[in-house]
Amino acid sequence: MKKTVLVLIAVLALLMLAACSEKSGTVKGVTTTSTAKSVDSTLEDRTRVMDSSVVYGIYEPPTRSTIEPEIDLTKMSGPLVYSVVYNMMKDPERFNGKIIKMGGAFDSVLGDDGIRRYACIVKDAAACCAQGIEFKMKDDLKYPDDYPGQYQDFAVIGTFVVYTSEKDNYTYCYLDNAEYI
């Protein structure tokens, strides 16, 4: 009986992953949770992102930005936020140059090229398909001292920038001149 329940849970988790793994659009440089991992590690990652404010608290930046956003994702409902972020990934040119304010879980990754990158992970309403948008800070900050903790909730504002890399001909996007809010 226990084995049947565990197999059923594993199958349901894999179906949820498959529902989020559609590869459409041309935007790269976006963090998703739909990579092939074991069911246990995937569930652990999702739980950690979903409960980040409980575990890590809310990040209080040393200063607050005075920039007014053109698109404020922090005032939208969960499904609407995810829809807007999905549209940002699907049709990034439409948002190029706009000032975006967003909140989510902080993530930092050291790339293969030795460059540390930072992202704001936006969760969808079902906590199934998180999207990450990279950001580059306006000020020269030191990691980890001047940044939130891993998966800690925070908010950031910056100018949405879209560019195509000559190296691999992919379209990338990020928030430039970002500030914590």
# chains A, B, ... in the order shown; residues from 1 in each chain; ligands from 1
$ residues_around --residues "Ala178 (chain A)" --least-positions-apart "3" --cutoff "12 Å" --atoms "only C-alpha atoms" --output "ChimeraX atom specification"
/A:64-67,69,99-102,118-120,133-141,155-161,174-175,181
$ residues_around --residues "Ile121 (chain A)" --least-positions-apart "6" --cutoff "7 Å" --atoms "only C-alpha atoms" --output "PyMOL selection string"
chain A and resi 104-107+130-133
$ select_by_dssp --residues "region 52-147 of chain A" --states "alpha helix (DSSP H)" --output "number ranges by chain"
A: 52-56, 78-90
$ write_last_selection --atoms "C-alpha atoms" --output "CSV table (one decimal), in the first residue's frame"
chain,number,residue,atom,x,y,z
A,52,SER,CA,11.5,31.4,1.9
A,53,SER,CA,9.9,34.2,3.9
A,54,VAL,CA,9.3,31.9,6.8
A,55,VAL,CA,12.8,30.4,6.7
A,56,TYR,CA,14.8,33.5,5.9
A,78,GLY,CA,-0.2,35.9,-8.1
A,79,PRO,CA,-1.8,34.7,-11.4
A,80,LEU,CA,-1.5,38.1,-13.0
A,81,VAL,CA,2.2,38.5,-11.9
A,82,TYR,CA,3.0,35.1,-13.5
A,83,SER,CA,1.1,36.1,-16.7
A,84,VAL,CA,3.0,39.3,-17.0
A,85,VAL,CA,6.3,37.6,-16.4
A,86,TYR,CA,5.4,34.9,-19.0
A,87,ASN,CA,4.6,37.7,-21.5
A,88,MET,CA,8.0,39.3,-20.7
A,89,MET,CA,9.7,36.0,-21.6
A,90,LYS,CA,7.5,35.4,-24.7
$ atom_distance --atom1 "CA of Asp146 (chain A)" --atom2 "CA of Asn177 (chain A)"
15.5 Å
$ atom_distance --atom1 "CA of Thr164 (chain A)" --atom2 "CA of Asp91 (chain A)"
13.4 Å
$ atom_distance --atom1 "CA of Glu93 (chain A)" --atom2 "CA of Glu166 (chain A)"
17.2 Å
